[in-house]
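Have a look at final-v7.cif; it's mmCIF, C-alpha atoms:
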data_entry
loop_
_atom_site.group_PDB
_atom_site.id
_atom_site.type_symbol
_atom_site.label_atom_id
_atom_site.label_comp_id
_atom_site.auth_asym_id
_atom_site.auth_seq_id
_atom_site.Cartn_x
_atom_site.Cartn_y
_atom_site.Cartn_z
ATOM 1 C CA MET A 269 2.258 22.032 -56.844
ATOM 2 C CA VAL A 270 3.375 22.172 -60.484
ATOM 3 C CA LYS A 271 1.030 25.074 -61.118
ATOM 4 C CA GLU A 272 2.558 26.936 -58.201
ATOM 5 C CA LEU A 273 6.076 26.354 -59.551
ATOM 6 C CA ILE A 274 5.074 27.648 -62.984
ATOM 7 C CA LEU A 275 3.540 30.703 -61.347
ATOM 8 C CA VAL A 276 6.728 31.372 -59.390
ATOM 9 C CA PHE A 277 8.768 30.985 -62.574
ATOM 10 C CA ILE A 278 6.637 33.354 -64.673
ATOM 11 C CA ALA A 279 6.387 35.843 -61.837
ATOM 12 C CA THR A 280 10.170 35.939 -61.476
ATOM 13 C CA VAL A 281 10.922 36.120 -65.185
ATOM 14 C CA LEU A 282 8.321 38.640 -66.326
ATOM 15 C CA VAL A 283 6.538 40.385 -63.482
ATOM 16 C CA ASN A 284 9.366 40.750 -60.980
ATOM 17 C CA ASN A 285 12.206 40.799 -63.481
ATOM 18 C CA PHE A 286 15.292 41.435 -61.378
ATOM 19 C CA VAL A 287 16.948 43.806 -63.802
ATOM 20 C CA LEU A 288 13.967 45.748 -65.040
ATOM 21 C CA LYS A 289 11.817 45.857 -61.932
ATOM 22 C CA TYR A 290 14.281 45.934 -59.033
ATOM 23 C CA PHE A 291 17.163 47.446 -61.036
ATOM 24 C CA LEU A 292 19.649 44.845 -59.813
ATOM 25 C CA GLY A 293 22.640 43.580 -61.728
ATOM 26 C CA ILE A 294 22.904 46.768 -63.746
ATOM 27 C CA CYS A 295 26.696 46.532 -64.050
ATOM 28 C CA PRO A 296 26.779 43.501 -66.396
ATOM 29 C CA PHE A 297 23.442 44.577 -67.902
ATOM 30 C CA LEU A 298 25.070 47.737 -69.256
ATOM 31 C CA GLY A 299 28.637 46.469 -69.504
ATOM 32 C CA VAL A 300 28.299 43.237 -71.497
ATOM 33 C CA SER A 301 25.249 44.159 -73.593
ATOM 34 C CA ASP A 302 27.068 45.683 -76.559
ATOM 35 C CA LYS A 303 27.387 42.330 -78.359
ATOM 36 C CA LEU A 304 24.565 39.807 -78.569
ATOM 37 C CA SER A 305 26.733 36.681 -78.381
ATOM 38 C CA SER A 306 28.639 37.707 -75.269
ATOM 39 C CA ALA A 307 25.408 38.994 -73.703
ATOM 40 C CA ILE A 308 23.781 35.590 -74.131
ATOM 41 C CA SER A 309 26.778 33.767 -72.681
ATOM 42 C CA MET A 310 26.836 36.203 -69.762
ATOM 43 C CA GLY A 311 23.171 35.424 -69.210
ATOM 44 C CA PHE A 312 23.851 31.673 -69.279
ATOM 45 C CA ALA A 313 26.742 31.985 -66.817
ATOM 46 C CA THR A 314 24.605 34.048 -64.447
ATOM 47 C CA THR A 315 21.665 31.641 -64.807
ATOM 48 C CA PHE A 316 23.942 28.725 -64.005
ATOM 49 C CA VAL A 317 25.362 30.411 -60.919
ATOM 50 C CA MET A 318 21.877 31.440 -59.742
ATOM 51 C CA THR A 319 20.323 28.003 -60.263
ATOM 52 C CA ILE A 320 23.056 26.311 -58.231
ATOM 53 C CA THR A 321 23.292 29.059 -55.609
ATOM 54 C CA ALA A 322 19.570 28.954 -54.771
ATOM 55 C CA PRO A 323 19.378 25.350 -53.449
ATOM 56 C CA VAL A 324 22.805 25.564 -51.800
ATOM 57 C CA ALA A 325 21.781 28.766 -50.025
ATOM 58 C CA TRP A 326 18.497 27.148 -49.024
ATOM 59 C CA LEU A 327 20.292 24.115 -47.583
ATOM 60 C CA ILE A 328 22.801 26.235 -45.682
ATOM 61 C CA ASN A 329 20.059 28.473 -44.346
ATOM 62 C CA ASN A 330 17.675 25.738 -43.241
ATOM 63 C CA TYR A 331 20.093 23.119 -41.997
ATOM 64 C CA ILE A 332 22.845 25.261 -40.508
ATOM 65 C CA LEU A 333 21.752 28.815 -39.852
ATOM 66 C CA VAL A 334 18.215 28.128 -38.642
ATOM 67 C CA LYS A 335 19.302 25.112 -36.644
ATOM 68 C CA PHE A 336 22.044 26.940 -34.770
ATOM 69 C CA ASN A 337 19.994 30.142 -34.647
ATOM 70 C CA LEU A 338 22.556 32.244 -36.537
ATOM 71 C CA PRO A 339 20.441 34.249 -38.997
ATOM 72 C CA PHE A 340 22.924 37.137 -38.988
ATOM 73 C CA LEU A 341 25.422 34.955 -40.860
ATOM 74 C CA GLN A 342 23.149 34.829 -43.931
ATOM 75 C CA TYR A 343 24.959 37.570 -45.842
ATOM 76 C CA VAL A 344 28.461 36.215 -45.251
ATOM 77 C CA CYS A 345 27.534 32.597 -45.971
ATOM 78 C CA PHE A 346 25.648 33.424 -49.149
ATOM 79 C CA ILE A 347 28.451 35.625 -50.397
ATOM 80 C CA ILE A 348 31.094 32.929 -49.979
ATOM 81 C CA VAL A 349 28.852 30.365 -51.690
ATOM 82 C CA ILE A 350 28.330 32.751 -54.623
ATOM 83 C CA ALA A 351 32.027 33.655 -54.772
ATOM 84 C CA SER A 352 33.228 30.059 -54.864
ATOM 85 C CA LEU A 353 30.631 29.108 -57.485
ATOM 86 C CA VAL A 354 31.753 31.973 -59.700
ATOM 87 C CA GLN A 355 35.363 30.846 -59.265
ATOM 88 C CA PHE A 356 34.323 27.386 -60.372
ATOM 89 C CA VAL A 357 32.411 28.689 -63.404
ATOM 90 C CA GLU A 358 35.394 30.809 -64.365
ATOM 91 C CA MET A 359 37.705 27.783 -64.219
ATOM 92 C CA VAL A 360 35.334 25.761 -66.427
ATOM 93 C CA ILE A 361 34.960 28.571 -68.973
ATOM 94 C CA LYS A 362 38.707 29.270 -69.037
ATOM 95 C CA LYS A 363 39.415 25.590 -69.618
ATOM 96 C CA PHE A 364 36.791 24.791 -72.247
ATOM 97 C CA PHE A 365 35.883 28.150 -73.856
ATOM 98 C CA PRO A 366 39.019 30.338 -73.828
ATOM 99 C CA LEU A 367 37.609 32.740 -76.441
ATOM 100 C CA LEU A 368 34.445 33.273 -74.429
ATOM 101 C CA HIS A 369 36.639 33.863 -71.379
ATOM 102 C CA GLN A 370 38.410 36.637 -73.259
ATOM 103 C CA SER A 371 35.273 38.353 -74.483
ATOM 104 C CA MET A 372 33.616 38.329 -71.045
ATOM 105 C CA GLY A 373 36.802 39.595 -69.441
ATOM 106 C CA ILE A 374 36.389 41.349 -66.116
ATOM 107 C CA TYR A 375 32.617 40.875 -66.070
ATOM 108 C CA LEU A 376 32.924 37.166 -65.379
ATOM 109 C CA PRO A 377 34.499 37.481 -61.906
ATOM 110 C CA LEU A 378 32.161 40.420 -61.387
ATOM 111 C CA ILE A 379 29.217 37.982 -61.278
ATOM 112 C CA THR A 380 30.345 37.577 -57.664
ATOM 113 C CA THR A 381 29.350 41.121 -56.886
ATOM 114 C CA ASN A 382 26.182 40.901 -58.962
ATOM 115 C CA CYS A 383 23.673 42.139 -56.423
ATOM 116 C CA ALA A 384 20.884 40.259 -58.225
ATOM 117 C CA ILE A 385 22.275 36.929 -56.974
ATOM 118 C CA LEU A 386 22.588 38.023 -53.335
ATOM 119 C CA PHE A 387 19.128 39.576 -53.549
ATOM 120 C CA MET A 388 17.744 36.291 -54.892
ATOM 121 C CA THR A 389 19.203 34.266 -52.002
ATOM 122 C CA LEU A 390 17.914 36.743 -49.422
ATOM 123 C CA GLN A 391 14.483 36.785 -51.073
ATOM 124 C CA LEU A 392 14.071 33.027 -50.967
ATOM 125 C CA VAL A 393 14.752 33.137 -47.242
ATOM 126 C CA LEU A 394 12.288 35.994 -46.739
ATOM 127 C CA LYS A 395 9.588 34.338 -48.834
ATOM 128 C CA ASP A 396 10.098 31.039 -47.033
ATOM 129 C CA TYR A 397 10.239 28.951 -50.228
ATOM 130 C CA SER A 398 10.691 25.178 -50.255
ATOM 131 C CA LEU A 399 13.814 23.616 -51.763
ATOM 132 C CA ILE A 400 12.287 22.955 -55.209
ATOM 133 C CA LYS A 401 10.540 26.302 -55.251
ATOM 134 C CA SER A 402 13.748 28.136 -54.438
ATOM 135 C CA MET A 403 15.513 26.279 -57.252
ATOM 136 C CA VAL A 404 12.800 27.367 -59.689
ATOM 137 C CA PHE A 405 13.031 30.861 -58.255
ATOM 138 C CA GLY A 406 16.787 30.974 -58.840
ATOM 139 C CA PHE A 407 16.434 29.581 -62.351
ATOM 140 C CA GLY A 408 13.664 32.073 -63.121
ATOM 141 C CA ALA A 409 15.752 34.952 -61.836
ATOM 142 C CA GLY A 410 18.577 33.867 -64.134
ATOM 143 C CA VAL A 411 16.262 33.496 -67.126
ATOM 144 C CA GLY A 412 14.825 36.932 -66.383
ATOM 145 C CA PHE A 413 18.322 38.378 -66.338
ATOM 146 C CA THR A 414 19.180 36.602 -69.612
ATOM 147 C CA LEU A 415 15.959 37.900 -71.186
ATOM 148 C CA ALA A 416 16.675 41.482 -70.155
ATOM 149 C CA ILE A 417 20.310 41.464 -71.252
ATOM 150 C CA THR A 418 19.444 39.765 -74.576
ATOM 151 C CA ILE A 419 16.764 42.333 -75.407
ATOM 152 C CA MET A 420 19.161 45.100 -74.471
ATOM 153 C CA ALA A 421 22.012 43.665 -76.557
ATOM 154 C CA SER A 422 19.848 43.210 -79.668
ATOM 155 C CA ILE A 423 18.598 46.792 -79.412
ATOM 156 C CA ARG A 424 22.110 48.097 -78.934
ATOM 157 C CA GLU A 425 23.393 46.109 -81.936
ATOM 158 C CA GLU A 426 20.704 47.728 -84.100
ATOM 159 C CA LEU A 427 21.471 51.083 -82.569
ATOM 160 C CA LYS A 428 24.979 51.075 -84.021
ATOM 161 C CA PHE A 429 23.467 51.756 -87.448
ATOM 162 C CA GLN A 430 21.067 54.428 -86.279
ATOM 163 C CA ASP A 431 21.487 58.164 -86.211
ATOM 164 C CA VAL A 432 21.758 58.933 -82.510
ATOM 165 C CA PRO A 433 22.046 62.578 -81.433
ATOM 166 C CA GLU A 434 25.648 63.429 -80.670
ATOM 167 C CA SER A 435 25.096 64.229 -77.002
ATOM 168 C CA LEU A 436 23.246 60.948 -76.333
ATOM 169 C CA LYS A 437 25.820 58.602 -77.842
ATOM 170 C CA GLY A 438 27.185 55.872 -75.591
ATOM 171 C CA PRO A 439 25.864 55.626 -72.028
ATOM 172 C CA GLY A 440 23.140 58.229 -72.459
ATOM 173 C CA ILE A 441 21.036 56.393 -75.031
ATOM 174 C CA THR A 442 21.737 53.075 -73.282
ATOM 175 C CA LEU A 443 20.282 54.319 -70.010
ATOM 176 C CA ILE A 444 17.256 55.786 -71.819
ATOM 177 C CA ILE A 445 16.624 52.390 -73.451
ATOM 178 C CA ALA A 446 16.952 50.675 -70.070
ATOM 179 C CA GLY A 447 14.314 53.066 -68.722
ATOM 180 C CA ILE A 448 11.930 52.412 -71.608
ATOM 181 C CA LEU A 449 12.398 48.648 -71.208
ATOM 182 C CA ALA A 450 11.618 48.964 -67.496
ATOM 183 C CA LEU A 451 8.428 50.875 -68.380
ATOM 184 C CA ILE A 452 7.420 48.086 -70.755
ATOM 185 C CA PHE A 453 7.949 45.495 -68.034
ATOM 186 C CA VAL A 454 5.795 47.503 -65.628
ATOM 187 C CA GLY A 455 2.994 46.809 -68.108
ATOM 188 C CA LEU A 456 3.426 43.079 -67.433
ATOM 189 C CA GLY A 457 2.732 43.668 -63.757
ATOM 190 C CA GLY A 458 -0.937 42.738 -63.998
ATOM 191 C CA LEU A 459 -0.144 39.344 -65.506
ATOM 192 C CA ILE A 460 -0.063 37.489 -62.199
ATOM 193 C CA GLN A 461 -1.185 38.465 -58.739
ATOM 194 C CA VAL A 462 2.109 38.129 -56.875
ATOM 195 C CA LYS A 463 1.858 37.390 -53.195
ATOM 196 C CA MET B 256 30.351 34.105 -26.110
ATOM 197 C CA ASN B 257 28.819 30.834 -27.131
ATOM 198 C CA ILE B 258 27.156 32.315 -30.194
ATOM 199 C CA ILE B 259 30.411 33.944 -31.334
ATOM 200 C CA LEU B 260 32.256 30.654 -31.026
ATOM 201 C CA LEU B 261 29.460 28.835 -32.837
ATOM 202 C CA SER B 262 29.371 31.294 -35.734
ATOM 203 C CA ALA B 263 33.166 31.132 -36.027
ATOM 204 C CA ILE B 264 33.016 27.325 -36.206
ATOM 205 C CA VAL B 265 30.221 27.399 -38.805
ATOM 206 C CA MET B 266 32.133 29.864 -40.985
ATOM 207 C CA VAL B 267 35.422 27.961 -40.729
ATOM 208 C CA VAL B 268 33.769 24.635 -41.607
ATOM 209 C CA LEU B 269 31.805 26.152 -44.499
ATOM 210 C CA ALA B 270 34.825 27.982 -45.895
ATOM 211 C CA GLY B 271 36.936 24.860 -45.492
ATOM 212 C CA ILE B 272 34.487 22.690 -47.433
ATOM 213 C CA LEU B 273 34.106 25.220 -50.225
ATOM 214 C CA GLY B 274 37.861 25.771 -50.361
ATOM 215 C CA ALA B 275 38.494 22.024 -50.594
ATOM 216 C CA ILE B 276 35.983 21.688 -53.456
ATOM 217 C CA LEU B 277 37.560 24.619 -55.286
ATOM 218 C CA SER B 278 41.130 23.402 -54.904
ATOM 219 C CA PHE B 279 40.083 19.956 -56.101
ATOM 220 C CA ALA B 280 38.359 21.512 -59.122
ATOM 221 C CA TYR B 281 41.419 23.672 -59.773
ATOM 222 C CA SER B 282 43.705 20.648 -59.848
ATOM 223 C CA LYS B 283 41.417 19.052 -62.461
ATOM 224 C CA LEU B 284 40.735 22.153 -64.564
ATOM 225 C CA LYS B 285 44.092 23.905 -64.494
ATOM 226 C CA VAL B 286 45.084 25.616 -67.727
ATOM 227 C CA GLU B 287 48.761 25.396 -68.566
ATOM 228 C CA GLU B 288 50.168 28.789 -69.417
ATOM 229 C CA ASP B 289 53.627 29.712 -70.588
ATOM 230 C CA PRO B 290 55.291 31.513 -67.641
ATOM 231 C CA ARG B 291 56.903 33.877 -70.143
ATOM 232 C CA LYS B 292 53.515 35.257 -71.103
ATOM 233 C CA GLU B 293 53.087 37.207 -67.894
ATOM 234 C CA GLN B 294 56.595 38.660 -68.122
ATOM 235 C CA LEU B 295 55.914 39.620 -71.734
ATOM 236 C CA LEU B 296 52.658 41.297 -70.762
ATOM 237 C CA ASN B 297 54.519 43.392 -68.205
ATOM 238 C CA LEU B 298 56.995 44.525 -70.852
ATOM 239 C CA LEU B 299 54.406 45.306 -73.525
ATOM 240 C CA PRO B 300 52.654 48.694 -73.288
ATOM 241 C CA GLY B 301 49.337 47.138 -72.271
ATOM 242 C CA VAL B 302 47.150 49.720 -73.973
ATOM 243 C CA ASN B 303 45.525 47.225 -76.409
ATOM 244 C CA CYS B 304 45.866 49.722 -79.271
ATOM 245 C CA GLY B 305 45.638 47.036 -81.959
ATOM 246 C CA ALA B 306 48.336 48.608 -84.131
ATOM 247 C CA CYS B 307 50.200 45.292 -84.281
ATOM 248 C CA GLY B 308 47.206 43.595 -85.876
ATOM 249 C CA SER B 309 46.244 41.604 -82.778
ATOM 250 C CA ALA B 310 43.137 42.280 -80.766
ATOM 251 C CA SER B 311 44.954 42.849 -77.488
ATOM 252 C CA CYS B 312 48.392 42.861 -75.930
ATOM 253 C CA ALA B 313 47.671 39.422 -74.447
ATOM 254 C CA ASP B 314 46.842 38.166 -77.922
ATOM 255 C CA PHE B 315 50.068 39.683 -79.277
ATOM 256 C CA ALA B 316 52.073 38.067 -76.463
ATOM 257 C CA ASP B 317 50.623 34.691 -77.447
ATOM 258 C CA LYS B 318 51.661 35.242 -81.047
ATOM 259 C CA LEU B 319 55.165 36.323 -79.991
ATOM 260 C CA ILE B 320 55.629 33.136 -77.982
ATOM 261 C CA LYS B 321 54.418 30.994 -80.861
ATOM 262 C CA GLY B 322 56.726 32.902 -83.208
ATOM 263 C CA GLU B 323 53.864 34.049 -85.435
ATOM 264 C CA ALA B 324 54.642 37.723 -84.935
ATOM 265 C CA ASP B 325 57.681 39.919 -84.482
ATOM 266 C CA ILE B 326 58.174 42.531 -81.781
ATOM 267 C CA SER B 327 58.873 45.159 -84.457
ATOM 268 C CA LYS B 328 55.139 45.260 -85.123
ATOM 269 C CA CYS B 329 54.504 46.851 -81.734
ATOM 270 C CA ARG B 330 55.058 50.518 -82.477
ATOM 271 C CA ILE B 331 54.903 51.685 -78.897
ATOM 272 C CA SER B 332 57.551 49.223 -77.727
ATOM 273 C CA LEU B 333 59.868 50.323 -80.526
ATOM 274 C CA ARG B 334 60.311 53.711 -78.846
ATOM 275 C CA ASP B 335 62.121 52.100 -75.939
ATOM 276 C CA GLU B 336 65.162 50.124 -77.090
ATOM 277 C CA ASN B 337 65.825 48.676 -73.638
ATOM 278 C CA LYS B 338 62.414 47.075 -73.631
ATOM 279 C CA VAL B 339 62.844 45.663 -77.130
ATOM 280 C CA THR B 340 66.130 43.964 -76.203
ATOM 281 C CA LYS B 341 64.552 42.659 -72.986
ATOM 282 C CA ILE B 342 61.641 41.202 -74.920
ATOM 283 C CA LYS B 343 63.967 39.637 -77.483
ATOM 284 C CA ASP B 344 66.068 38.098 -74.716
ATOM 285 C CA LEU B 345 62.952 36.738 -73.081
ATOM 286 C CA LEU B 346 61.789 35.152 -76.311
ATOM 287 C CA LYS B 347 65.181 33.491 -76.934
ATOM 288 C CA GLU B 348 65.039 31.575 -73.643
#

Give the structure from this file in structure tokens form.
Amino acid sequence: MVKELILVFIATVLVNNFVLKYFLGICPFLGVSDKLSSAISMGFATTFVMTITAPVAWLINNYILVKFNLPFLQYVCFIIVIASLVQFVEMVIKKFFPLLHQSMGIYLPLITTNCAILFMTLQLVLKDYSLIKSMVFGFGAGVGFTLAITIMASIREELKFQDVPESLKGPGITLIIAGILALIFVGLGGLIQVK
Amino acid sequence: MNIILLSAIVMVVLAGILGAILSFAYSKLKVEEDPRKEQLLNLLPGVNCGACGSASCADFADKLIKGEADISKCRISLRDENKVTKIKDLLKE
């Protein structure tokens, strides 16, 4: 049981990294990764939302949607759960960390439209995970996102002092780095046989 | 028909519960903001140029309300005298 949970966690963080394998959640990945501190807090906020969303989505799916045979409501239900959680996180951050709220700016409410979170909820339904497993899955997805955005932000901070060709400055070099990072993560694919 | 009714009920109940939780959280976590700040932000240029020494127009508006800065620092506003008098009136209230 525990071994299975650890496998799910490692598989989600490294092998099936949401950002670098499925290319989900690219908007905050490119938008908030120019400063390490705000990148890490973005990662934490997303991890928090994902960890809470996963069990809530599981409960709604198994106890309401499956019971009443309404699987087509999955998308709408999951979206409103995600949206209200993000609202809640924004309230907490605005109240207790006003400076952080300023530096995250528009990207904080944009967690709502982070496709990685919706993808995660839909995946845990497809993969037929148990409640605890789906929680670990959500947490792992968030940690994977934090890992990717942290790596990206540290590279981009170093990049400010490097001599980048004129035509590649800004988005160009950022996208190239994202591609190289994705290639590196492909190399981790053989780590675990994912079912 | 039945399934439409059922899905409508499920959505209404779900949205109602989530809305109730959110409004309860909002009443606990509300941040008091000076109502003048929004009016000030509408009057300021809103380009976040930083010429006034603050990081953003919102930051500058905060300083204006606290009396730590003067509107004459905002070079863009200075071009429009109407706006400057409006801002000064707003700050006197």

When distances are computed from all atoms listed in the file, which of A:Ile445, A:Ala322, A:Val404, A:Ile294 shows the smallest separation from A:Leu427?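 The closest residue to A:Leu427 is A:Ile445.
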
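A straight line drawn from atom CA of A:Ile385 to atom CA of A:Leu333 is 19.0 Å long.
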
Pull out every residue of chain B that has at least one atom within 10 Å of chain A, counting all atoms listed in the file, and report them as JSON, numbers by chain. {"B": [258, 259, 261, 262, 263, 265, 266, 269, 270, 273, 274, 276, 277, 278, 280, 281, 283, 284, 285, 286, 287, 311, 313, 314]}

Can you spit out the residues from that selection as a short mmCIF file (atom, residue, chain, number, x, y, z; two decimals), keeping the file's coordinate frame, using C-alpha atoms?
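Contents of result_1.cif, freshly written:
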data_model
loop_
_atom_site.label_atom_id
_atom_site.label_comp_id
_atom_site.auth_asym_id
_atom_site.auth_seq_id
_atom_site.Cartn_x
_atom_site.Cartn_y
_atom_site.Cartn_z
CA ILE B 258 27.16 32.32 -30.19
CA ILE B 259 30.41 33.94 -31.33
CA LEU B 261 29.46 28.84 -32.84
CA SER B 262 29.37 31.29 -35.73
CA ALA B 263 33.17 31.13 -36.03
CA VAL B 265 30.22 27.40 -38.80
CA MET B 266 32.13 29.86 -40.98
CA LEU B 269 31.80 26.15 -44.50
CA ALA B 270 34.83 27.98 -45.90
CA LEU B 273 34.11 25.22 -50.22
CA GLY B 274 37.86 25.77 -50.36
CA ILE B 276 35.98 21.69 -53.46
CA LEU B 277 37.56 24.62 -55.29
CA SER B 278 41.13 23.40 -54.90
CA ALA B 280 38.36 21.51 -59.12
CA TYR B 281 41.42 23.67 -59.77
CA LYS B 283 41.42 19.05 -62.46
CA LEU B 284 40.74 22.15 -64.56
CA LYS B 285 44.09 23.90 -64.49
CA VAL B 286 45.08 25.62 -67.73
CA GLU B 287 48.76 25.40 -68.57
CA SER B 311 44.95 42.85 -77.49
CA ALA B 313 47.67 39.42 -74.45
CA ASP B 314 46.84 38.17 -77.92
#

Given the file above and the PyMOL selection byres ((chain B and resi 296-306) around 10), which residues are selected, and can you give them as an MDAnalysis selection string? chainID B and resid 291:295 307:317 326 328:332 338:339 341:342

Can I get the selection written as a compact mmCIF listing (two decimals), in the coordinates of the input, with C-alpha atoms?
# COMPACT_ATOMS: atom_id res chain seq x y z
CA ARG B 291 56.90 33.88 -70.14
CA LYS B 292 53.52 35.26 -71.10
CA GLU B 293 53.09 37.21 -67.89
CA GLN B 294 56.60 38.66 -68.12
CA LEU B 295 55.91 39.62 -71.73
CA CYS B 307 50.20 45.29 -84.28
CA GLY B 308 47.21 43.60 -85.88
CA SER B 309 46.24 41.60 -82.78
CA ALA B 310 43.14 42.28 -80.77
CA SER B 311 44.95 42.85 -77.49
CA CYS B 312 48.39 42.86 -75.93
CA ALA B 313 47.67 39.42 -74.45
CA ASP B 314 46.84 38.17 -77.92
CA PHE B 315 50.07 39.68 -79.28
CA ALA B 316 52.07 38.07 -76.46
CA ASP B 317 50.62 34.69 -77.45
CA ILE B 326 58.17 42.53 -81.78
CA LYS B 328 55.14 45.26 -85.12
CA CYS B 329 54.50 46.85 -81.73
CA ARG B 330 55.06 50.52 -82.48
CA ILE B 331 54.90 51.68 -78.90
CA SER B 332 57.55 49.22 -77.73
CA LYS B 338 62.41 47.08 -73.63
CA VAL B 339 62.84 45.66 -77.13
CA LYS B 341 64.55 42.66 -72.99
CA ILE B 342 61.64 41.20 -74.92

Between atom CA of A:Ile441 and atom CA of A:Ser371, distance in Å (one decimal):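 According to the coordinates, atom CA of A:Ile441 and atom CA of A:Ser371 are separated by 23.0 Å.
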
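One finds atom CA of B:Pro290 at 20.3 Å from atom CA of A:Gly373.
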
Distance criterion (all atoms listed in the file): nearest to A:Trp326 out of A:Ala313, A:Ala450, A:Leu443, A:Ile400: A:Ile400

Using all atoms listed in the file, can you tell me which of A:Leu378, A:Ala409, A:Leu436, A:Val281 comes closest to A:Glu358? A:Leu378

Using all atoms listed in the file, which residue out of A:Leu288, A:Phe297, A:Thr389, A:Leu282 lies closest to A:Asn329?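 The answer is A:Thr389, which sits nearest to A:Asn329.
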
To verify the selection step, state as an NGL selection string which residues the PyMOL selection byres ((chain A and resi 380) around 8) yields on this input. :A and (347 or 350-351 or 354 or 377-379 or 381-382)

What does the file look like for those residues with C-alpha atoms, as a PDB file, in the frame of the given file?
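As written to disk, result07.pdb reads:
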ATOM      1  CA  ILE A 347      28.451  35.625 -50.397  1.00  0.00           C
ATOM      2  CA  ILE A 350      28.330  32.751 -54.623  1.00  0.00           C
ATOM      3  CA  ALA A 351      32.027  33.655 -54.772  1.00  0.00           C
ATOM      4  CA  VAL A 354      31.753  31.973 -59.700  1.00  0.00           C
ATOM      5  CA  PRO A 377      34.499  37.481 -61.906  1.00  0.00           C
ATOM      6  CA  LEU A 378      32.161  40.420 -61.387  1.00  0.00           C
ATOM      7  CA  ILE A 379      29.217  37.982 -61.278  1.00  0.00           C
ATOM      8  CA  THR A 381      29.350  41.121 -56.886  1.00  0.00           C
ATOM      9  CA  ASN A 382      26.182  40.901 -58.962  1.00  0.00           C
TER      10      ASN A 382
END

Residue neighbourhood A:Val411, 9 Å, only C-alpha atoms, exclusion window fewer than 3 positions, as an MDAnalysis selection string: chainID A and resid 280:281 311:312 314:315 406:408 414:416

Using only C-alpha atoms, which protein or nucleic acid residues come within 9 Å of A:Ser305? Drop anything in the same chain fewer than 5 positions from it, and give the result as a compact mmCIF listing (two decimals) with C-alpha atoms, in the frame of the given file.
# COMPACT_ATOMS: atom_id res chain seq x y z
CA MET A 310 26.84 36.20 -69.76
CA THR A 418 19.44 39.76 -74.58
CA ALA A 421 22.01 43.66 -76.56

Mind working out the centre and edge lengths of an axis-aligned box for stretch 321-336 of chain B, all listed atoms inside, 5 Å added to each side, rounded to one decimal in Å and written as AutoDock Vina command-line options?
--center_x 59.5 --center_y 42.4 --center_z -80.7 --size_x 21.3 --size_y 32.7 --size_z 19.5

Measuring between only C-alpha atoms, which one of A:Ala384, A:Leu459, A:Val393, A:Leu304 shows the shortest distance to A:Glu426?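 Going through A:Ala384, A:Leu459, A:Val393, A:Leu304 one by one, the smallest distance to A:Glu426 is for A:Leu304.
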
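With distances restricted to only C-alpha atoms, A:Cys383 is the closest residue to A:Leu292 from A:Cys383, A:Met403, A:Gln430, A:Lys437.
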